[in-house]
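K.L.:
This is the content of final14.txt (compact mmCIF, C-alpha atoms and all ligand atoms):
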```txt
# COMPACT_ATOMS: atom_id res chain seq x y z
CA MET A 1 -2.04 -20.30 -10.72
CA SER A 2 -4.65 -17.77 -11.85
CA MET A 3 -3.40 -14.50 -13.34
CA ILE A 4 -5.63 -12.46 -11.03
CA THR A 5 -3.74 -10.77 -8.22
CA ASP A 6 -4.75 -8.47 -5.39
CA VAL A 7 -1.88 -7.75 -3.04
CA HIS A 8 -2.70 -5.27 -0.22
CA THR A 9 -5.97 -5.89 1.60
CA HIS A 10 -7.13 -5.75 5.23
CA SER A 11 -9.30 -8.04 7.32
CA SER A 12 -10.84 -7.36 10.73
CA PHE A 13 -7.45 -8.04 12.33
CA SER A 14 -6.86 -4.39 11.33
CA ALA A 15 -8.78 -1.86 13.44
CA ASP A 16 -10.56 -0.47 10.37
CA GLY A 17 -11.12 -3.84 8.63
CA LYS A 18 -14.71 -5.08 8.37
CA THR A 19 -14.51 -8.74 7.30
CA PRO A 20 -12.97 -11.70 9.16
CA LEU A 21 -9.82 -13.04 7.49
CA CYS A 22 -11.35 -16.42 6.66
CA ASP A 23 -14.22 -14.70 4.81
CA MET A 24 -11.79 -12.44 2.92
CA VAL A 25 -9.89 -15.50 1.72
CA ALA A 26 -13.10 -17.35 0.80
CA ARG A 27 -14.23 -14.35 -1.27
CA ALA A 28 -10.86 -14.09 -3.03
CA GLU A 29 -11.05 -17.78 -3.84
CA ALA A 30 -14.60 -17.40 -5.21
CA LEU A 31 -13.35 -14.55 -7.45
CA GLY A 32 -10.61 -16.80 -8.81
CA VAL A 33 -7.73 -14.77 -7.36
CA GLY A 34 -4.38 -16.53 -7.76
CA TYR A 35 -2.26 -14.39 -5.46
CA PHE A 36 -4.11 -12.83 -2.57
CA GLY A 37 -2.07 -10.57 -0.31
CA VAL A 38 -3.32 -9.55 3.11
CA SER A 39 -1.42 -6.65 4.68
CA GLU A 40 -2.78 -5.77 8.10
CA HIS A 41 -1.93 -2.34 9.47
CA PHE A 42 1.09 -2.01 11.69
CA ASP A 43 0.87 1.67 12.53
CA TYR A 44 4.00 1.90 14.64
CA ASP A 45 4.36 5.46 13.33
CA TYR A 46 1.31 6.23 15.46
CA LEU A 47 2.86 4.54 18.50
CA ALA A 48 6.33 6.03 18.13
CA ASP A 49 5.13 9.56 17.41
CA GLY A 50 2.10 9.52 19.75
CA VAL A 51 -0.31 10.20 16.87
CA LEU A 52 -3.98 10.09 17.83
CA CYS A 53 -6.93 9.33 15.59
CA GLU A 54 -9.75 11.74 16.39
CA GLY A 55 -8.37 12.12 19.92
CA LYS A 56 -7.97 8.39 20.56
CA GLN A 57 -5.19 5.84 20.28
CA VAL A 58 -5.53 3.56 17.30
CA PRO A 59 -5.81 -0.09 18.37
CA MET A 60 -2.85 -2.08 17.03
CA THR A 61 -3.17 -5.29 15.05
CA ASP A 62 -2.48 -8.36 17.24
CA ALA A 63 0.52 -9.65 15.29
CA ALA A 64 0.67 -13.07 16.99
CA ALA A 65 -3.03 -13.80 16.41
CA TYR A 66 -2.98 -12.49 12.84
CA PHE A 67 0.07 -14.39 11.62
CA ALA A 68 -1.08 -17.62 13.31
CA ALA A 69 -4.49 -17.40 11.61
CA ALA A 70 -2.96 -16.41 8.25
CA ARG A 71 -0.48 -19.31 8.27
CA THR A 72 -3.26 -21.80 9.00
CA LEU A 73 -5.42 -20.41 6.17
CA GLN A 74 -2.39 -20.35 3.88
CA ARG A 75 -1.90 -24.08 4.31
CA GLY A 76 -5.62 -24.82 4.11
CA HIS A 77 -6.10 -23.01 0.79
CA ALA A 78 -2.75 -23.87 -0.82
CA ASP A 79 -4.34 -25.94 -3.60
CA LYS A 80 -6.58 -23.03 -4.70
CA LEU A 81 -4.66 -19.81 -4.22
CA ARG A 82 -1.44 -18.45 -2.84
CA LEU A 83 -2.36 -16.53 0.29
CA LEU A 84 0.40 -14.07 1.15
CA ALA A 85 0.55 -13.13 4.82
CA GLY A 86 1.90 -9.60 4.64
CA ALA A 87 1.98 -6.34 6.53
CA GLU A 88 1.51 -2.64 5.83
CA PHE A 89 4.00 -0.48 7.72
CA GLY A 90 3.29 3.18 8.34
CA TYR A 91 6.55 5.01 7.71
CA THR A 92 7.93 7.63 10.05
CA PRO A 93 11.53 8.88 10.33
CA ASN A 94 11.32 8.02 14.06
CA GLU A 95 13.89 5.27 14.71
CA LYS A 96 11.77 3.84 17.54
CA ALA A 97 9.30 2.69 14.91
CA HIS A 98 12.07 1.27 12.70
CA THR A 99 13.24 -0.91 15.59
CA MET A 100 9.68 -2.18 16.10
CA TYR A 101 9.27 -2.98 12.40
CA GLU A 102 12.59 -4.83 12.33
CA ALA A 103 11.50 -6.86 15.37
CA LEU A 104 8.18 -7.72 13.70
CA ILE A 105 10.02 -8.92 10.57
CA ARG A 106 12.36 -11.08 12.69
CA THR A 107 9.53 -12.60 14.70
CA TYR A 108 6.86 -13.22 12.05
CA ALA A 109 8.69 -13.07 8.67
CA PRO A 110 5.81 -11.50 6.70
CA ASP A 111 5.61 -12.77 3.10
CA PHE A 112 5.69 -9.18 1.87
CA VAL A 113 5.72 -5.67 3.29
CA VAL A 114 3.99 -2.58 1.94
CA ASN A 115 5.73 0.59 3.12
CA SER A 116 3.21 3.45 3.20
CA VAL A 117 3.17 7.05 4.31
CA HIS A 118 0.04 7.90 6.30
CA THR A 119 1.42 10.48 8.72
CA VAL A 120 3.53 13.59 8.23
CA ASP A 121 5.02 15.28 11.30
CA GLY A 122 2.56 13.62 13.66
CA ALA A 123 -0.63 14.13 11.65
CA ASP A 124 -2.45 11.52 9.56
CA VAL A 125 -3.05 13.16 6.19
CA TRP A 126 -6.44 11.42 6.08
CA PHE A 127 -7.69 13.92 8.66
CA GLY A 128 -8.49 17.59 8.17
CA GLU A 129 -6.04 19.02 10.71
CA TYR A 130 -3.09 18.16 8.46
CA PHE A 131 -4.40 20.61 5.85
CA THR A 132 -5.17 23.49 8.23
CA GLY A 133 -3.24 26.59 7.20
CA LYS A 134 -1.60 24.87 4.21
CA THR A 135 -2.12 25.50 0.52
CA LYS A 136 -2.66 22.42 -1.63
CA ARG A 137 0.90 22.76 -2.90
CA GLN A 138 2.35 22.92 0.64
CA ALA A 139 0.26 20.02 1.90
CA TYR A 140 1.02 17.75 -1.06
CA ARG A 141 4.71 18.67 -1.14
CA GLY A 142 5.09 17.90 2.58
CA TYR A 143 3.57 14.48 1.96
CA LEU A 144 5.73 13.77 -1.12
CA LEU A 145 8.94 14.71 0.69
CA ARG A 146 8.01 12.14 3.33
CA VAL A 147 7.35 9.55 0.59
CA LEU A 148 10.83 10.26 -0.82
CA GLU A 149 12.33 9.79 2.63
CA SER A 150 10.37 6.55 3.17
CA LEU A 151 12.19 4.92 0.25
CA SER A 152 15.33 4.86 2.42
CA ALA A 153 13.63 3.07 5.33
CA PRO A 154 16.21 0.82 7.02
CA TYR A 155 13.88 -2.21 7.31
CA ALA A 156 13.09 -4.62 4.47
CA TYR A 157 10.04 -3.79 2.36
CA ASP A 158 8.81 -4.74 -1.10
CA ILE A 159 6.09 -2.34 -2.20
CA VAL A 160 5.82 1.46 -2.12
CA GLY A 161 2.21 1.90 -1.03
CA HIS A 162 -0.42 4.18 -2.54
CA ILE A 163 1.53 7.26 -3.67
CA GLY A 164 -1.16 9.94 -3.64
CA TYR A 165 -2.78 8.94 -0.34
CA VAL A 166 -2.67 12.64 0.64
CA ALA A 167 -5.28 13.40 -2.04
CA ARG A 168 -7.79 10.74 -0.92
CA ASN A 169 -9.47 12.92 1.65
CA ALA A 170 -8.03 16.40 0.98
CA PRO A 171 -10.38 19.40 1.38
CA TYR A 172 -9.63 20.96 -2.04
CA GLU A 173 -12.10 21.25 -4.89
CA ASP A 174 -9.48 19.88 -7.28
CA ARG A 175 -7.82 17.12 -5.28
CA LEU A 176 -5.90 15.46 -8.09
CA LEU A 177 -2.16 15.02 -7.54
CA ARG A 178 -0.54 15.51 -10.94
CA TYR A 179 2.95 14.72 -12.16
CA GLU A 180 3.36 18.22 -13.61
CA ASP A 181 2.68 19.84 -10.20
CA GLU A 182 5.91 18.46 -8.73
CA ALA A 183 7.78 17.02 -11.72
CA ALA A 184 11.30 17.24 -10.25
CA LEU A 185 10.25 15.73 -6.92
CA PHE A 186 8.30 12.95 -8.63
CA ASP A 187 11.32 12.14 -10.78
CA GLU A 188 13.36 11.78 -7.60
CA ILE A 189 10.73 9.51 -6.03
CA LEU A 190 10.17 7.35 -9.11
CA GLY A 191 13.93 7.18 -9.75
CA GLY A 192 14.37 6.07 -6.13
CA VAL A 193 11.78 3.32 -6.52
CA ILE A 194 13.53 2.08 -9.68
CA ALA A 195 17.06 2.29 -8.24
CA ARG A 196 16.02 0.22 -5.21
CA GLN A 197 14.05 -2.28 -7.37
CA LYS A 198 10.96 -1.74 -5.26
CA ILE A 199 7.45 -2.33 -6.58
CA LEU A 200 5.25 0.68 -7.32
CA GLU A 201 1.73 -0.04 -6.11
CA VAL A 202 -1.33 0.91 -8.14
CA ASN A 203 -4.09 1.23 -5.58
CA SER A 204 -7.72 1.26 -6.74
CA SER A 205 -8.97 2.94 -3.58
CA GLY A 206 -8.65 6.44 -5.04
CA ARG A 207 -11.74 7.74 -3.26
CA GLY A 208 -12.43 10.33 -5.92
CA ALA A 209 -8.83 11.58 -6.12
CA GLY A 210 -8.63 9.71 -9.44
CA ASP A 211 -9.95 6.20 -10.12
CA PHE A 212 -6.73 4.83 -8.74
CA ILE A 213 -3.47 6.15 -7.32
CA PRO A 214 -0.92 7.00 -8.58
CA ASN A 215 -2.63 8.59 -11.59
CA PRO A 216 -1.94 7.49 -15.18
CA ASP A 217 0.41 10.44 -15.86
CA LEU A 218 2.65 9.24 -13.03
CA LEU A 219 2.51 5.64 -14.24
CA ALA A 220 3.52 6.81 -17.72
CA ARG A 221 6.45 8.76 -16.30
CA TYR A 222 7.57 5.74 -14.22
CA PHE A 223 7.43 3.56 -17.34
CA ALA A 224 9.34 6.14 -19.41
CA MET A 225 12.05 6.23 -16.72
CA GLY A 226 12.41 2.44 -17.00
CA GLY A 227 10.13 1.34 -14.15
CA ARG A 228 8.52 -2.04 -14.82
CA LEU A 229 7.59 -3.33 -11.36
CA VAL A 230 3.97 -2.55 -10.52
CA SER A 231 1.48 -4.28 -8.23
CA PHE A 232 -2.30 -4.16 -8.12
CA ALA A 233 -3.98 -3.39 -4.78
CA SER A 234 -7.65 -2.93 -4.03
CA ASP A 235 -6.76 -1.94 -0.44
CA ALA A 236 -10.09 -3.63 0.38
CA HIS A 237 -11.16 -3.32 4.01
CA ASP A 238 -14.19 -5.54 3.39
CA ALA A 239 -14.81 -8.58 1.19
CA ALA A 240 -17.00 -6.68 -1.28
CA ARG A 241 -14.09 -4.52 -2.46
CA ILE A 242 -11.62 -7.32 -3.24
CA CYS A 243 -10.34 -6.74 -6.83
CA ASP A 244 -12.41 -3.55 -7.06
CA LYS A 245 -11.72 -1.70 -10.36
CA ARG A 246 -9.04 -4.23 -11.25
CA GLY A 247 -10.18 -4.19 -14.88
CA ASP A 248 -9.73 -0.40 -15.08
CA VAL A 249 -6.25 -0.59 -13.60
CA VAL A 250 -5.20 -3.43 -15.92
CA ALA A 251 -6.48 -1.47 -18.94
CA ALA A 252 -4.60 1.66 -17.83
CA LEU A 253 -1.38 -0.30 -17.25
CA ARG A 254 -1.64 -1.95 -20.67
CA ALA A 255 -2.24 1.45 -22.29
CA VAL A 256 1.00 2.74 -20.76
CA GLY A 257 2.92 -0.33 -21.98
CA PHE A 258 3.19 -2.56 -18.92
CA THR A 259 2.95 -6.29 -19.64
CA HIS A 260 3.24 -7.80 -16.15
CA ILE A 261 2.15 -7.38 -12.56
CA CYS A 262 4.83 -8.06 -9.98
CA VAL A 263 3.92 -10.12 -6.90
CA PRO A 264 6.40 -10.19 -4.00
CA ASP A 265 6.55 -13.51 -2.18
CA CYS A 266 9.04 -14.18 0.62
CA GLY A 267 11.81 -12.16 -1.03
CA LYS A 268 11.12 -13.59 -4.50
CA ARG A 269 9.01 -11.98 -7.22
CA HIS A 270 6.44 -13.55 -9.52
CA MET A 271 5.97 -11.69 -12.82
CA VAL A 272 2.35 -12.37 -13.73
CA ALA A 273 1.25 -11.53 -17.30
CA LEU A 274 -1.37 -8.78 -17.49
ZN ZN B 1 -2.38 2.58 3.67
ZN ZN B 2 -3.94 -0.43 3.34
```
What does this structure look like when you write it as structure tokens?
P.N.:
Amino acid sequence: MSMITDVHTHSSFSADGKTPLCDMVARAEALGVGYFGVSEHFDYDYLADGVLCEGKQVPMTDAAAYFAAARTLQRGHADKLRLLAGAEFGYTPNEKAHTMYEALIRTYAPDFVVNSVHTVDGADVWFGEYFTGKTKRQAYRGYLLRVLESLSAPYAYDIVGHIGYVARNAPYEDRLLRYEDEAALFDEILGGVIARQKILEVNSSGRGAGDFIPNPDLLARYFAMGGRLVSFASDAHDAARICDKRGDVVAALRAVGFTHICVPDCGKRHMVAL
């Protein structure tokens, strides 16, 4: 199996995905990816909390169609790459959503789950309204408290998704989310990731809020605290971004001291040398 991994991508089964799943897999194969993880959006936080996206309901991924297609492709490409049919869950404290996520896990048994915070108190932090009337400190702290809470989600998950998502589209001149800004809170979050043996995702879709998220200072702190489980994610929503900036992320991880990437696979973990 190739040492190249990209675990957390989206195809057009997700409302904001651009490329059909079969073309995503073909591109990953052409790039020589060994473990390719697709994680379509399951935004049950939106459903449970009635969150709208620019005034409209977000279309939900068709779970039955997605998992059927992914399983067929998984078998068809088994000699070339390990296709992981996963899911990205949008965390909310709302128990209605937890019940829906647990049902999805029972029905479709995703190969891995990324647990991500996109919404805080009914607002997606991608959109401007979340920041209205908040200082950078207030807005980022509100998001980080939700990330801390998400670690205790009652459903099974493997990866803590894109810590720093709040900074991707924030309206501040200096958008960077730094360890030193919330050191005590970050220590609680990173300690929680380590204690639960979850995988900390390094996501190369930083969108200008750093080349990747979390930033190198946070990765260094995680390593110093004993954290060794990291994954690489392009978070590609089209085939052209698969493995985007992977070389930069690998170099940064090596500089901190990491030697392996961790790939979750049906409850097991593959430690792939960097
Ligand atoms: Zn996400
Ligand atoms: Zn994603």
K.L.:
Would you work out the distance separating atom CA of Ala156 of chain A from atom CA of Thr61 of chain A, expressed in Å to one decimal?
P.N.:
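Taking atom CA of Ala156 of chain A as the start and atom CA of Thr61 of chain A as the end point, the length is 19.4 Å.
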K.L.:
I want to know what sits within 9 Å of segment 189-195 of chain A, based on all atoms listed in the file, with residues of the same chain fewer than 4 positions away left out; could you give that as a PyMOL selection string?
P.N.:
chain A and resi 144-145+147-149+151-152+160+184-185+199-200+218+221-222+225-229
K.L.:
Quick one: write out the picked residues with C-alpha atoms as a PDB file, in the coordinates of the input?
P.N.:
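Result saved to result24.pdb:
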```pdb
ATOM      1  CA  LEU A 144       5.730  13.770  -1.120  1.00  0.00           C
ATOM      2  CA  LEU A 145       8.940  14.710   0.690  1.00  0.00           C
ATOM      3  CA  VAL A 147       7.350   9.550   0.590  1.00  0.00           C
ATOM      4  CA  LEU A 148      10.830  10.260  -0.820  1.00  0.00           C
ATOM      5  CA  GLU A 149      12.330   9.790   2.630  1.00  0.00           C
ATOM      6  CA  LEU A 151      12.190   4.920   0.250  1.00  0.00           C
ATOM      7  CA  SER A 152      15.330   4.860   2.420  1.00  0.00           C
ATOM      8  CA  VAL A 160       5.820   1.460  -2.120  1.00  0.00           C
ATOM      9  CA  ALA A 184      11.300  17.240 -10.250  1.00  0.00           C
ATOM     10  CA  LEU A 185      10.250  15.730  -6.920  1.00  0.00           C
ATOM     11  CA  ILE A 199       7.450  -2.330  -6.580  1.00  0.00           C
ATOM     12  CA  LEU A 200       5.250   0.680  -7.320  1.00  0.00           C
ATOM     13  CA  LEU A 218       2.650   9.240 -13.030  1.00  0.00           C
ATOM     14  CA  ARG A 221       6.450   8.760 -16.300  1.00  0.00           C
ATOM     15  CA  TYR A 222       7.570   5.740 -14.220  1.00  0.00           C
ATOM     16  CA  MET A 225      12.050   6.230 -16.720  1.00  0.00           C
ATOM     17  CA  GLY A 226      12.410   2.440 -17.000  1.00  0.00           C
ATOM     18  CA  GLY A 227      10.130   1.340 -14.150  1.00  0.00           C
ATOM     19  CA  ARG A 228       8.520  -2.040 -14.820  1.00  0.00           C
ATOM     20  CA  LEU A 229       7.590  -3.330 -11.360  1.00  0.00           C
TER      21      LEU A 229
END
```
K.L.:
Go through chain A residue by residue and, counting all atoms listed in the file, keep those with an atom at most 12 Å from ligand ZN 1 (chain B); for each kept residue give the shortest atom pair and its distance in Å to one decimal, ordered by chain and increasing number, as JSON lines.
P.N.:
```
{"residue": "A:His8", "atom": "CA", "partner": "B:ZN1", "partner_atom": "ZN", "distance": 8.8}
{"residue": "A:Thr9", "atom": "CA", "partner": "B:ZN1", "partner_atom": "ZN", "distance": 9.4}
{"residue": "A:His10", "atom": "CA", "partner": "B:ZN1", "partner_atom": "ZN", "distance": 9.7}
{"residue": "A:Ser14", "atom": "CA", "partner": "B:ZN1", "partner_atom": "ZN", "distance": 11.3}
{"residue": "A:Asp16", "atom": "CA", "partner": "B:ZN1", "partner_atom": "ZN", "distance": 11.0}
{"residue": "A:Gly17", "atom": "CA", "partner": "B:ZN1", "partner_atom": "ZN", "distance": 11.9}
{"residue": "A:Ser39", "atom": "CA", "partner": "B:ZN1", "partner_atom": "ZN", "distance": 9.3}
{"residue": "A:Glu40", "atom": "CA", "partner": "B:ZN1", "partner_atom": "ZN", "distance": 9.5}
{"residue": "A:His41", "atom": "CA", "partner": "B:ZN1", "partner_atom": "ZN", "distance": 7.6}
{"residue": "A:Phe42", "atom": "CA", "partner": "B:ZN1", "partner_atom": "ZN", "distance": 9.9}
{"residue": "A:Asp43", "atom": "CA", "partner": "B:ZN1", "partner_atom": "ZN", "distance": 9.5}
{"residue": "A:Ala87", "atom": "CA", "partner": "B:ZN1", "partner_atom": "ZN", "distance": 10.3}
{"residue": "A:Glu88", "atom": "CA", "partner": "B:ZN1", "partner_atom": "ZN", "distance": 6.9}
{"residue": "A:Phe89", "atom": "CA", "partner": "B:ZN1", "partner_atom": "ZN", "distance": 8.2}
{"residue": "A:Gly90", "atom": "CA", "partner": "B:ZN1", "partner_atom": "ZN", "distance": 7.4}
{"residue": "A:Tyr91", "atom": "CA", "partner": "B:ZN1", "partner_atom": "ZN", "distance": 10.1}
{"residue": "A:Val113", "atom": "CA", "partner": "B:ZN1", "partner_atom": "ZN", "distance": 11.6}
{"residue": "A:Val114", "atom": "CA", "partner": "B:ZN1", "partner_atom": "ZN", "distance": 8.4}
{"residue": "A:Asn115", "atom": "CA", "partner": "B:ZN1", "partner_atom": "ZN", "distance": 8.4}
{"residue": "A:Ser116", "atom": "CA", "partner": "B:ZN1", "partner_atom": "ZN", "distance": 5.7}
{"residue": "A:Val117", "atom": "CA", "partner": "B:ZN1", "partner_atom": "ZN", "distance": 7.2}
{"residue": "A:His118", "atom": "CA", "partner": "B:ZN1", "partner_atom": "ZN", "distance": 6.4}
{"residue": "A:Thr119", "atom": "CA", "partner": "B:ZN1", "partner_atom": "ZN", "distance": 10.1}
{"residue": "A:Asp124", "atom": "CA", "partner": "B:ZN1", "partner_atom": "ZN", "distance": 10.7}
{"residue": "A:Val125", "atom": "CA", "partner": "B:ZN1", "partner_atom": "ZN", "distance": 10.9}
{"residue": "A:Trp126", "atom": "CA", "partner": "B:ZN1", "partner_atom": "ZN", "distance": 10.0}
{"residue": "A:Ile159", "atom": "CA", "partner": "B:ZN1", "partner_atom": "ZN", "distance": 11.4}
{"residue": "A:Val160", "atom": "CA", "partner": "B:ZN1", "partner_atom": "ZN", "distance": 10.1}
{"residue": "A:Gly161", "atom": "CA", "partner": "B:ZN1", "partner_atom": "ZN", "distance": 6.6}
{"residue": "A:His162", "atom": "CA", "partner": "B:ZN1", "partner_atom": "ZN", "distance": 6.7}
{"residue": "A:Ile163", "atom": "CA", "partner": "B:ZN1", "partner_atom": "ZN", "distance": 9.5}
{"residue": "A:Gly164", "atom": "CA", "partner": "B:ZN1", "partner_atom": "ZN", "distance": 10.4}
{"residue": "A:Tyr165", "atom": "CA", "partner": "B:ZN1", "partner_atom": "ZN", "distance": 7.5}
{"residue": "A:Val166", "atom": "CA", "partner": "B:ZN1", "partner_atom": "ZN", "distance": 10.5}
{"residue": "A:Arg168", "atom": "CA", "partner": "B:ZN1", "partner_atom": "ZN", "distance": 10.8}
{"residue": "A:Glu201", "atom": "CA", "partner": "B:ZN1", "partner_atom": "ZN", "distance": 10.9}
{"residue": "A:Val202", "atom": "CA", "partner": "B:ZN1", "partner_atom": "ZN", "distance": 12.0}
{"residue": "A:Asn203", "atom": "CA", "partner": "B:ZN1", "partner_atom": "ZN", "distance": 9.5}
{"residue": "A:Ser204", "atom": "CA", "partner": "B:ZN1", "partner_atom": "ZN", "distance": 11.8}
{"residue": "A:Ser205", "atom": "CA", "partner": "B:ZN1", "partner_atom": "ZN", "distance": 9.8}
{"residue": "A:Gly206", "atom": "CA", "partner": "B:ZN1", "partner_atom": "ZN", "distance": 11.4}
{"residue": "A:Ile213", "atom": "CA", "partner": "B:ZN1", "partner_atom": "ZN", "distance": 11.6}
{"residue": "A:Ala233", "atom": "CA", "partner": "B:ZN1", "partner_atom": "ZN", "distance": 10.5}
{"residue": "A:Ser234", "atom": "CA", "partner": "B:ZN1", "partner_atom": "ZN", "distance": 10.8}
{"residue": "A:Asp235", "atom": "CA", "partner": "B:ZN1", "partner_atom": "ZN", "distance": 7.5}
{"residue": "A:Ala236", "atom": "CA", "partner": "B:ZN1", "partner_atom": "ZN", "distance": 10.4}
{"residue": "A:His237", "atom": "CA", "partner": "B:ZN1", "partner_atom": "ZN", "distance": 10.6}
```
K.L.:
Using only C-alpha atoms and a cutoff of 8 Å, can you tell me which residues are near (7.4, 19.9, 9.5) in the file's coordinates, and write them out as a ChimeraX atom specification?
P.N.:
/A:120-121,142
K.L.:
May I ask for the distance between atom CA of Gly37 of chain A and atom CA of Tyr179 of chain A, given in Å to one decimal place?
P.N.:
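Distance between the two atoms: 28.4 Å.
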K.L.:
Compare A:Val38, A:Ala64, A:Ala255, A:Met3 by their minimum atom-to-atom distance to ligand ZN 2 (chain B), counting all atoms listed in the file, and give me the closest one.
P.N.:
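Closest residue, counting all atoms listed in the file: A:Val38.
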K.L.:
Excluding segment 268-271 of chain A and residues on its chain fewer than 2 positions from it, collect all residues at most 10 Å away from it, counting all atoms listed in the file, and give them as a tab-separated table (two decimals) with C-alpha atoms, keeping the file's coordinate frame.
P.N.:
```tsv
chain	number	residue	atom	x	y	z
A	3	MET	CA	-3.40	-14.50	-13.34
A	35	TYR	CA	-2.26	-14.39	-5.46
A	111	ASP	CA	5.61	-12.77	3.10
A	112	PHE	CA	5.69	-9.18	1.87
A	158	ASP	CA	8.81	-4.74	-1.10
A	199	ILE	CA	7.45	-2.33	-6.58
A	229	LEU	CA	7.59	-3.33	-11.36
A	230	VAL	CA	3.97	-2.55	-10.52
A	231	SER	CA	1.48	-4.28	-8.23
A	259	THR	CA	2.95	-6.29	-19.64
A	260	HIS	CA	3.24	-7.80	-16.15
A	261	ILE	CA	2.15	-7.38	-12.56
A	262	CYS	CA	4.83	-8.06	-9.98
A	263	VAL	CA	3.92	-10.12	-6.90
A	264	PRO	CA	6.40	-10.19	-4.00
A	265	ASP	CA	6.55	-13.51	-2.18
A	266	CYS	CA	9.04	-14.18	0.62
A	273	ALA	CA	1.25	-11.53	-17.30
A	274	LEU	CA	-1.37	-8.78	-17.49
```
K.L.:
Of the candidates A:Gly86, A:Tyr140, A:Thr132, A:Leu81, which one gets nearest to ligand ZN 2 (chain B) if we count all atoms listed in the file?
P.N.:
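Of A:Gly86, A:Tyr140, A:Thr132, A:Leu81, the one nearest ligand ZN 2 (chain B), counting all atoms listed in the file, is A:Gly86.
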K.L.:
Could you please determine the separation between atom CA of Lys198 of chain A and atom CA of Phe212 of chain A in Å, to one decimal place?
P.N.:
19.2 Å
K.L.:
Quick one: residues within 12 Å of (-0.3, -16.6, 12.0) (file frame), counting all atoms listed in the file, please, as a PyMOL selection string.
P.N.:
chain A and resi 13+21+38+40+62-75+83-87+107-111
K.L.:
With distances taken over all atoms listed in the file, which residue among A:Ala15, A:Leu104, A:Asp217, A:Tyr143 lies nearest ligand ZN 2 (chain B)?
P.N.:
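Looking at the shortest contact to ligand ZN 2 (chain B), the residue is A:Ala15.
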K.L.:
Report as a list of chain:residue names all protein, DNA and RNA residues lying within 8 Å of segment 172-175 of chain A, evaluated on all atoms listed in the file, omitting residues in the same chain fewer than 4 positions from it.
P.N.:
A:Lys136, A:Ala167, A:Arg168, A:Ala209
K.L.:
So which one's closest to ligand ZN 2 (chain B), A:Tyr157, A:Glu188, A:Ser11, A:Lys245? Using only C-alpha atoms and all ligand atoms, please.
P.N.:
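Comparing A:Tyr157, A:Glu188, A:Ser11, A:Lys245 against ligand ZN 2 (chain B), the winner is A:Ser11.
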K.L.:
Here is a test: counting all atoms listed in the file, which residue of A:Thr99, A:Val7, A:Val33, A:Asp23 is nearest to ligand ZN 2 (chain B)?
P.N.:
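Nearest candidate to ligand ZN 2 (chain B) out of A:Thr99, A:Val7, A:Val33, A:Asp23: A:Val7.
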K.L.:
Restricting the calculation to only C-alpha atoms, which member of A:Pro93, A:Asp244, A:Val249, A:Asp45 is positioned closest to Arg146 of chain A?
P.N.:
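Ranked by minimum distance to Arg146 of chain A, first place goes to A:Pro93.
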K.L.:
Can you tell me, as a PyMOL selection string, what residues are no more than 9 Å from Asp49 of chain A when counting only C-alpha atoms, ignoring any on the same chain fewer than 4 positions away?
P.N.:
chain A and resi 44-45+92+94+96-97+121-122
K.L.:
Return as lines of an AutoDock Vina configuration file the centre and edge lengths, in Å with one decimal, of the box along x, y and z that encloses every atom of segment 216-232 of chain A in the file, padded by 8 Å per side.
P.N.:
```
center_x = 5.1
center_y = 3.1
center_z = -13.8
size_x = 30.7
size_y = 30.7
size_z = 27.3
```
